[in-house]
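Below is input32.txt, holding compact mmCIF, N, CA and C atoms.
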# COMPACT_ATOMS: atom_id res chain seq x y z
N MET V 1 23.73 -41.65 -21.04
CA MET V 1 23.50 -40.62 -20.06
C MET V 1 22.19 -40.91 -19.33
N ALA V 2 22.24 -40.71 -18.05
CA ALA V 2 21.04 -40.96 -17.24
C ALA V 2 20.91 -39.89 -16.16
N ILE V 3 19.69 -39.49 -15.91
CA ILE V 3 19.36 -38.57 -14.82
C ILE V 3 18.93 -39.41 -13.64
N ARG V 4 19.45 -39.07 -12.47
CA ARG V 4 19.03 -39.76 -11.26
C ARG V 4 19.13 -38.80 -10.09
N GLU V 5 18.54 -39.19 -8.97
CA GLU V 5 18.61 -38.39 -7.75
C GLU V 5 20.05 -38.36 -7.24
N TYR V 6 20.42 -37.24 -6.67
CA TYR V 6 21.72 -37.07 -6.04
C TYR V 6 21.85 -38.04 -4.87
N GLN V 7 23.05 -38.58 -4.70
CA GLN V 7 23.39 -39.42 -3.54
C GLN V 7 24.65 -38.84 -2.91
N GLU V 8 24.83 -39.05 -1.63
CA GLU V 8 26.00 -38.50 -0.93
C GLU V 8 27.32 -38.92 -1.59
N LYS V 9 27.34 -40.08 -2.20
CA LYS V 9 28.57 -40.54 -2.86
C LYS V 9 28.95 -39.66 -4.05
N ASP V 10 28.02 -38.81 -4.51
CA ASP V 10 28.27 -37.92 -5.65
C ASP V 10 28.97 -36.63 -5.25
N LEU V 11 29.05 -36.36 -3.96
CA LEU V 11 29.50 -35.06 -3.48
C LEU V 11 30.90 -34.69 -3.98
N GLU V 12 31.84 -35.59 -3.88
CA GLU V 12 33.21 -35.27 -4.30
C GLU V 12 33.28 -34.97 -5.80
N ALA V 13 32.55 -35.74 -6.60
CA ALA V 13 32.54 -35.48 -8.05
C ALA V 13 31.96 -34.09 -8.34
N LEU V 14 30.91 -33.73 -7.62
CA LEU V 14 30.30 -32.41 -7.85
C LEU V 14 31.21 -31.28 -7.35
N ARG V 15 31.90 -31.50 -6.26
CA ARG V 15 32.86 -30.50 -5.79
C ARG V 15 33.98 -30.31 -6.81
N ALA V 16 34.43 -31.40 -7.41
CA ALA V 16 35.49 -31.32 -8.43
C ALA V 16 34.99 -30.56 -9.66
N ILE V 17 33.76 -30.81 -10.07
CA ILE V 17 33.17 -30.09 -11.22
C ILE V 17 33.10 -28.60 -10.89
N HIS V 18 32.62 -28.29 -9.69
CA HIS V 18 32.53 -26.89 -9.25
C HIS V 18 33.90 -26.23 -9.31
N ALA V 19 34.93 -26.90 -8.83
CA ALA V 19 36.29 -26.35 -8.85
C ALA V 19 36.76 -26.12 -10.29
N ARG V 20 36.48 -27.07 -11.18
CA ARG V 20 36.91 -26.93 -12.59
C ARG V 20 36.18 -25.77 -13.27
N GLN V 21 34.97 -25.44 -12.81
CA GLN V 21 34.25 -24.32 -13.41
C GLN V 21 34.85 -22.98 -13.02
N GLY V 22 35.67 -22.95 -11.98
CA GLY V 22 36.37 -21.73 -11.61
C GLY V 22 35.52 -20.69 -10.91
N PHE V 23 34.40 -21.08 -10.34
CA PHE V 23 33.56 -20.12 -9.63
C PHE V 23 34.28 -19.60 -8.39
N GLU V 24 34.08 -18.34 -8.09
CA GLU V 24 34.74 -17.73 -6.93
C GLU V 24 33.84 -17.74 -5.70
N TYR V 25 33.02 -18.74 -5.59
CA TYR V 25 32.20 -18.91 -4.40
C TYR V 25 32.22 -20.39 -4.03
N PRO V 26 31.95 -20.70 -2.76
CA PRO V 26 32.04 -22.10 -2.35
C PRO V 26 30.94 -22.94 -2.99
N PRO V 27 31.18 -24.24 -3.11
CA PRO V 27 30.13 -25.11 -3.65
C PRO V 27 28.93 -25.11 -2.71
N PRO V 28 27.76 -25.38 -3.24
CA PRO V 28 26.56 -25.37 -2.39
C PRO V 28 26.60 -26.49 -1.35
N ASP V 29 26.00 -26.23 -0.21
CA ASP V 29 25.89 -27.22 0.87
C ASP V 29 24.68 -28.09 0.58
N LEU V 30 24.91 -29.24 0.00
CA LEU V 30 23.81 -30.11 -0.43
C LEU V 30 23.12 -30.82 0.72
N SER V 31 23.62 -30.66 1.94
CA SER V 31 22.91 -31.20 3.09
C SER V 31 21.83 -30.22 3.57
N ASN V 32 21.83 -29.03 3.01
CA ASN V 32 20.84 -28.01 3.35
C ASN V 32 19.47 -28.43 2.82
N PRO V 33 18.45 -28.51 3.70
CA PRO V 33 17.13 -28.96 3.25
C PRO V 33 16.43 -27.99 2.29
N LEU V 34 16.98 -26.78 2.13
CA LEU V 34 16.40 -25.85 1.17
C LEU V 34 16.65 -26.28 -0.28
N PHE V 35 17.58 -27.22 -0.48
CA PHE V 35 17.77 -27.77 -1.82
C PHE V 35 16.68 -28.81 -2.05
N LEU V 36 15.66 -28.41 -2.79
CA LEU V 36 14.51 -29.29 -3.03
C LEU V 36 14.76 -30.25 -4.18
N THR V 37 15.49 -29.79 -5.17
CA THR V 37 15.81 -30.61 -6.34
C THR V 37 17.31 -30.82 -6.38
N LYS V 38 17.71 -32.07 -6.39
CA LYS V 38 19.14 -32.43 -6.50
C LYS V 38 19.19 -33.63 -7.44
N ILE V 39 19.47 -33.36 -8.71
CA ILE V 39 19.56 -34.44 -9.68
C ILE V 39 20.91 -34.36 -10.39
N VAL V 40 21.43 -35.52 -10.73
CA VAL V 40 22.72 -35.58 -11.42
C VAL V 40 22.56 -36.22 -12.78
N LEU V 41 23.48 -35.86 -13.65
CA LEU V 41 23.57 -36.46 -14.98
C LEU V 41 24.80 -37.35 -14.95
N ALA V 42 24.58 -38.64 -15.17
CA ALA V 42 25.66 -39.62 -15.07
C ALA V 42 25.84 -40.33 -16.41
N GLU V 43 27.10 -40.62 -16.68
CA GLU V 43 27.47 -41.34 -17.89
C GLU V 43 28.07 -42.68 -17.47
N THR V 44 27.65 -43.75 -18.14
CA THR V 44 28.22 -45.07 -17.89
C THR V 44 28.84 -45.55 -19.19
N SER V 45 30.10 -45.98 -19.10
CA SER V 45 30.74 -46.48 -20.32
C SER V 45 30.41 -47.96 -20.48
N PRO V 46 30.20 -48.43 -21.69
CA PRO V 46 29.83 -49.82 -21.92
C PRO V 46 30.91 -50.82 -21.47
N GLU V 47 32.17 -50.46 -21.65
CA GLU V 47 33.24 -51.39 -21.28
C GLU V 47 33.55 -51.38 -19.79
N ASN V 48 33.09 -50.36 -19.14
CA ASN V 48 33.37 -50.21 -17.71
C ASN V 48 32.08 -49.79 -17.03
N GLU V 49 31.62 -50.54 -16.09
CA GLU V 49 30.36 -50.24 -15.41
C GLU V 49 30.44 -48.99 -14.53
N ALA V 50 31.64 -48.43 -14.37
CA ALA V 50 31.80 -47.26 -13.52
C ALA V 50 31.02 -46.08 -14.07
N GLU V 51 30.41 -45.38 -13.18
CA GLU V 51 29.59 -44.23 -13.55
C GLU V 51 30.42 -42.95 -13.38
N LYS V 52 30.24 -42.01 -14.31
CA LYS V 52 30.92 -40.72 -14.22
C LYS V 52 29.86 -39.64 -14.13
N ILE V 53 29.94 -38.83 -13.08
CA ILE V 53 29.03 -37.70 -12.93
C ILE V 53 29.53 -36.58 -13.82
N VAL V 54 28.68 -36.09 -14.72
CA VAL V 54 29.10 -35.02 -15.63
C VAL V 54 28.38 -33.69 -15.34
N GLY V 55 27.37 -33.73 -14.48
CA GLY V 55 26.67 -32.49 -14.16
C GLY V 55 25.57 -32.72 -13.14
N ALA V 56 24.99 -31.62 -12.71
CA ALA V 56 23.90 -31.68 -11.74
C ALA V 56 23.02 -30.45 -11.91
N ALA V 57 21.76 -30.59 -11.57
CA ALA V 57 20.83 -29.47 -11.48
C ALA V 57 20.36 -29.42 -10.03
N LEU V 58 20.52 -28.26 -9.41
CA LEU V 58 20.22 -28.08 -8.00
C LEU V 58 19.31 -26.86 -7.85
N LEU V 59 18.18 -27.06 -7.21
CA LEU V 59 17.24 -25.96 -7.01
C LEU V 59 17.07 -25.72 -5.53
N ARG V 60 17.41 -24.50 -5.10
CA ARG V 60 17.30 -24.13 -3.69
C ARG V 60 16.11 -23.20 -3.51
N LEU V 61 15.34 -23.47 -2.49
CA LEU V 61 14.17 -22.68 -2.18
C LEU V 61 14.59 -21.29 -1.71
N THR V 62 13.97 -20.28 -2.26
CA THR V 62 14.14 -18.90 -1.83
C THR V 62 12.76 -18.27 -1.85
N ALA V 63 12.66 -16.99 -1.60
CA ALA V 63 11.36 -16.33 -1.55
C ALA V 63 11.40 -15.03 -2.34
N GLU V 64 10.27 -14.68 -2.91
CA GLU V 64 10.11 -13.40 -3.59
C GLU V 64 9.21 -12.54 -2.72
N ALA V 65 9.66 -11.33 -2.43
CA ALA V 65 8.90 -10.43 -1.56
C ALA V 65 7.94 -9.56 -2.37
N TYR V 66 6.74 -9.42 -1.85
CA TYR V 66 5.75 -8.49 -2.37
C TYR V 66 5.32 -7.62 -1.20
N LEU V 67 5.17 -6.33 -1.42
CA LEU V 67 4.66 -5.42 -0.40
C LEU V 67 3.37 -4.81 -0.91
N LEU V 68 2.30 -5.02 -0.18
CA LEU V 68 1.03 -4.38 -0.48
C LEU V 68 0.72 -3.44 0.68
N LEU V 69 0.77 -2.15 0.41
CA LEU V 69 0.55 -1.13 1.43
C LEU V 69 -0.25 -0.01 0.81
N ASP V 70 -1.41 0.25 1.35
CA ASP V 70 -2.34 1.24 0.79
C ASP V 70 -1.67 2.62 0.74
N PRO V 71 -1.46 3.16 -0.47
CA PRO V 71 -0.78 4.45 -0.59
C PRO V 71 -1.64 5.63 -0.13
N LYS V 72 -2.93 5.39 0.08
CA LYS V 72 -3.82 6.46 0.52
C LYS V 72 -4.05 6.43 2.03
N TRP V 73 -3.49 5.42 2.71
CA TRP V 73 -3.68 5.29 4.14
C TRP V 73 -2.64 6.11 4.89
N GLY V 74 -3.07 6.84 5.89
CA GLY V 74 -2.16 7.52 6.80
C GLY V 74 -1.24 8.53 6.16
N THR V 75 -0.29 8.95 6.94
CA THR V 75 0.73 9.91 6.49
C THR V 75 1.92 9.13 5.95
N PRO V 76 2.82 9.79 5.23
CA PRO V 76 4.02 9.09 4.80
C PRO V 76 4.78 8.47 5.97
N ARG V 77 4.85 9.16 7.08
CA ARG V 77 5.53 8.63 8.27
C ARG V 77 4.82 7.39 8.79
N GLU V 78 3.50 7.39 8.82
CA GLU V 78 2.73 6.22 9.28
C GLU V 78 2.92 5.04 8.32
N ARG V 79 2.95 5.34 7.03
CA ARG V 79 3.17 4.26 6.05
C ARG V 79 4.57 3.67 6.22
N TRP V 80 5.57 4.52 6.49
CA TRP V 80 6.93 4.02 6.72
C TRP V 80 6.96 3.14 7.96
N GLN V 81 6.30 3.55 9.02
CA GLN V 81 6.24 2.74 10.23
C GLN V 81 5.53 1.41 9.97
N ALA V 82 4.48 1.45 9.17
CA ALA V 82 3.77 0.21 8.80
C ALA V 82 4.70 -0.71 8.02
N LEU V 83 5.46 -0.14 7.09
CA LEU V 83 6.41 -0.94 6.32
C LEU V 83 7.45 -1.55 7.25
N LEU V 84 7.97 -0.78 8.20
CA LEU V 84 8.96 -1.31 9.14
C LEU V 84 8.39 -2.47 9.95
N THR V 85 7.15 -2.34 10.37
CA THR V 85 6.49 -3.39 11.15
C THR V 85 6.33 -4.65 10.31
N LEU V 86 5.84 -4.49 9.08
CA LEU V 86 5.68 -5.64 8.18
C LEU V 86 7.03 -6.27 7.86
N HIS V 87 8.01 -5.44 7.61
CA HIS V 87 9.35 -5.92 7.25
C HIS V 87 9.92 -6.80 8.36
N ALA V 88 9.86 -6.33 9.58
CA ALA V 88 10.41 -7.09 10.71
C ALA V 88 9.66 -8.40 10.90
N ALA V 89 8.34 -8.35 10.80
CA ALA V 89 7.53 -9.56 11.00
C ALA V 89 7.79 -10.58 9.88
N ALA V 90 7.88 -10.11 8.64
CA ALA V 90 8.12 -11.02 7.51
C ALA V 90 9.52 -11.63 7.60
N GLU V 91 10.49 -10.82 8.02
CA GLU V 91 11.86 -11.34 8.16
C GLU V 91 11.92 -12.44 9.22
N ARG V 92 11.28 -12.20 10.36
CA ARG V 92 11.25 -13.23 11.42
C ARG V 92 10.55 -14.49 10.93
N ASP V 93 9.43 -14.32 10.24
CA ASP V 93 8.68 -15.47 9.75
C ASP V 93 9.50 -16.29 8.75
N ALA V 94 10.16 -15.59 7.81
CA ALA V 94 10.98 -16.29 6.81
C ALA V 94 12.12 -17.03 7.49
N TRP V 95 12.76 -16.40 8.47
CA TRP V 95 13.87 -17.04 9.17
C TRP V 95 13.40 -18.28 9.91
N HIS V 96 12.25 -18.18 10.57
CA HIS V 96 11.72 -19.34 11.32
C HIS V 96 11.31 -20.48 10.41
N ARG V 97 11.00 -20.18 9.17
CA ARG V 97 10.65 -21.21 8.19
C ARG V 97 11.90 -21.82 7.55
N GLY V 98 13.07 -21.30 7.90
CA GLY V 98 14.31 -21.86 7.41
C GLY V 98 14.85 -21.21 6.15
N LEU V 99 14.23 -20.14 5.68
CA LEU V 99 14.72 -19.48 4.47
C LEU V 99 16.02 -18.75 4.77
N GLU V 100 16.86 -18.65 3.77
CA GLU V 100 18.15 -17.98 3.91
C GLU V 100 18.20 -16.64 3.20
N ASP V 101 17.29 -16.43 2.27
CA ASP V 101 17.29 -15.15 1.56
C ASP V 101 15.89 -14.88 1.00
N VAL V 102 15.68 -13.61 0.72
CA VAL V 102 14.43 -13.13 0.13
C VAL V 102 14.83 -12.16 -0.98
N HIS V 103 14.14 -12.22 -2.08
CA HIS V 103 14.44 -11.36 -3.22
C HIS V 103 13.25 -10.45 -3.51
N ALA V 104 13.56 -9.24 -3.95
CA ALA V 104 12.51 -8.29 -4.36
C ALA V 104 12.90 -7.71 -5.72
N TRP V 105 11.97 -7.70 -6.62
CA TRP V 105 12.16 -7.07 -7.92
C TRP V 105 11.26 -5.85 -7.94
N LEU V 106 11.88 -4.68 -8.01
CA LEU V 106 11.12 -3.43 -7.99
C LEU V 106 10.73 -3.04 -9.41
N PRO V 107 9.47 -2.62 -9.58
CA PRO V 107 9.04 -2.18 -10.91
C PRO V 107 9.85 -0.97 -11.38
N PRO V 108 10.00 -0.82 -12.70
CA PRO V 108 10.72 0.34 -13.22
C PRO V 108 10.13 1.63 -12.67
N GLY V 109 11.00 2.53 -12.29
CA GLY V 109 10.56 3.82 -11.75
C GLY V 109 10.49 3.82 -10.23
N LEU V 110 10.13 2.70 -9.64
CA LEU V 110 10.03 2.61 -8.18
C LEU V 110 11.41 2.39 -7.56
N ASP V 111 12.32 1.85 -8.34
CA ASP V 111 13.63 1.50 -7.79
C ASP V 111 14.43 2.71 -7.33
N LYS V 112 14.29 3.83 -7.99
CA LYS V 112 15.10 5.00 -7.63
C LYS V 112 14.82 5.46 -6.21
N LYS V 113 13.58 5.70 -5.87
CA LYS V 113 13.23 6.22 -4.54
C LYS V 113 13.10 5.10 -3.51
N PHE V 114 12.31 4.09 -3.83
CA PHE V 114 12.03 3.03 -2.87
C PHE V 114 13.26 2.15 -2.65
N GLY V 115 14.07 1.97 -3.68
CA GLY V 115 15.29 1.18 -3.56
C GLY V 115 16.21 1.74 -2.49
N LYS V 116 16.33 3.07 -2.44
CA LYS V 116 17.17 3.69 -1.41
C LYS V 116 16.61 3.43 -0.01
N ARG V 117 15.30 3.40 0.11
CA ARG V 117 14.68 3.14 1.42
C ARG V 117 14.95 1.72 1.89
N ILE V 118 14.78 0.75 0.99
CA ILE V 118 14.98 -0.63 1.46
C ILE V 118 16.47 -0.96 1.64
N GLU V 119 17.34 -0.23 0.95
CA GLU V 119 18.77 -0.39 1.21
C GLU V 119 19.08 -0.02 2.66
N ARG V 120 18.38 0.99 3.19
CA ARG V 120 18.58 1.38 4.59
C ARG V 120 18.14 0.26 5.54
N LEU V 121 17.30 -0.65 5.06
CA LEU V 121 16.84 -1.78 5.87
C LEU V 121 17.72 -3.01 5.69
N GLY V 122 18.80 -2.88 4.91
CA GLY V 122 19.72 -3.99 4.75
C GLY V 122 19.60 -4.74 3.44
N TRP V 123 18.70 -4.34 2.56
CA TRP V 123 18.58 -4.98 1.25
C TRP V 123 19.76 -4.55 0.39
N LEU V 124 20.25 -5.45 -0.44
CA LEU V 124 21.38 -5.18 -1.32
C LEU V 124 20.93 -5.20 -2.77
N ARG V 125 21.34 -4.18 -3.48
CA ARG V 125 21.12 -4.21 -4.93
C ARG V 125 22.25 -5.02 -5.52
N ASP V 126 21.91 -6.08 -6.21
CA ASP V 126 22.92 -6.99 -6.73
C ASP V 126 22.99 -6.86 -8.24
N ASP V 127 23.86 -5.99 -8.69
CA ASP V 127 24.05 -5.81 -10.13
C ASP V 127 25.18 -6.67 -10.67
N GLN V 128 25.82 -7.45 -9.76
CA GLN V 128 26.91 -8.31 -10.23
C GLN V 128 26.38 -9.55 -10.94
N TRP V 129 25.20 -9.98 -10.57
CA TRP V 129 24.62 -11.18 -11.17
C TRP V 129 23.42 -10.76 -12.01
N THR V 130 23.29 -11.34 -13.18
CA THR V 130 22.18 -11.03 -14.06
C THR V 130 21.05 -12.03 -13.80
N PRO V 131 19.90 -11.53 -13.32
CA PRO V 131 18.81 -12.47 -13.03
C PRO V 131 18.09 -12.92 -14.30
N TYR V 132 17.71 -14.17 -14.28
CA TYR V 132 16.88 -14.75 -15.33
C TYR V 132 15.72 -15.45 -14.66
N CYS V 133 14.63 -15.58 -15.35
CA CYS V 133 13.45 -16.22 -14.80
C CYS V 133 12.95 -17.25 -15.80
N ARG V 134 12.53 -18.39 -15.31
CA ARG V 134 11.93 -19.42 -16.14
C ARG V 134 10.53 -19.64 -15.64
N ARG V 135 9.54 -19.33 -16.44
CA ARG V 135 8.15 -19.54 -16.09
C ARG V 135 7.81 -20.99 -16.39
N LEU V 136 7.35 -21.71 -15.40
CA LEU V 136 7.06 -23.13 -15.56
C LEU V 136 5.65 -23.31 -16.09
N THR V 137 5.52 -24.17 -17.08
CA THR V 137 4.20 -24.50 -17.64
C THR V 137 4.10 -26.01 -17.74
N GLN V 138 2.92 -26.46 -17.84
CA GLN V 138 2.67 -27.91 -17.94
C GLN V 138 3.07 -28.44 -19.28
Written form, C-alpha cells:
Amino acid sequence: MAIREYQEKDLEALRAIHARQGFEYPPPDLSNPLFLTKIVLAETSPENEAEKIVGAALLRLTAEAYLLLDPKWGTPRERWQALLTLHAAAERDAWHRGLEDVHAWLPPGLDKKFGKRIERLGWLRDDQWTPYCRRLTQ
C-alpha cells in the first residue's frame, strides 16, 4: 500500500468507489481548487505491476464564521442592522475568495433565539449530518 498525490487518471476509480459506497450525493468535483488535499491509497500486486486505487482522502476548504458584535452597543434594532451589514459584506468577501460554504457553530443556549434569526438570512440547520472535529497537533 502506498499513499500518493491524486492524478487525473485516478478519477474513474474514485467515482467507482463512490458509487459502491452508495452515497446519495454526487462525487466531489476534484477539479475544484478548493480541494487542497487530494491523496490516494494505492495497492500494487507483486505479480502484476498494475496499481489498484482502494481509497482517497480529500480535504476541501471551507470557512467557520465568528460574529463579534458588542452587545452593549446601540439598540437591538441597530445591532440587527449592524449584523445585516457585516453578514452581507462577509458573504461577498467569501464568495470573491472562491469559497462555496460557510459554517457556524452556535454555543449552547444561543441556538434557540439566534438560530431563528440567522435562518431568516438563509442559514440552514443541518441535523442530517453529524459534525465531527479533528484538532490538529504537531
Legend entry - Residue set, chain V restricted to helix (DSSP H, G or I), as an NGL selection string: :V and (8-21 or 76-96 or 110-120)
Inset, instruction - Name the residues of chain V that fall into strand (DSSP E or B) according to DSSP on the backbone, using the chain letters and numbers of this document, as a count of residues only. - result: 28
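Pairwise distance (atom C of V:Phe114, atom CA of V:Glu100) equals 21.7 Å.
Here atom C of V:Arg135 stands at a distance of 21.1 Å from atom CA of V:Ile3.
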Legend entry - Nearest candidate to V:Leu61 (options V:Pro26, V:Gly98, V:Gly74, V:Gly122; using all atoms listed in the file): V:Gly98
Inset, instruction - Using all atoms listed in the file, find the one residue out of V:Lys38, V:Lys52, V:Lys113, V:His103 that sits nearest to V:Ala13. - result: V:Lys52
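Between V:Leu59 and the residues V:Trp95, V:Phe23, V:Phe35, V:Tyr132, the shortest atom-to-atom distance, using all atoms listed in the file, involves V:Phe35.
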Legend entry - Atomic distance atom C of V:Glu12 - atom CA of V:Leu58, expressed in Å with one decimal: 14.9 Å
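Here the question is which of V:Ala88, V:Arg4, V:Glu49, V:Val54 gets nearest to V:Ala16 using only C-alpha atoms, and that residue is V:Val54.
You can rank V:Ile118, V:Leu41, V:Leu110, V:Ala50 by their closest distance to V:Tyr6 using only N, CA and C atoms, and at the top of that list sits V:Leu41.
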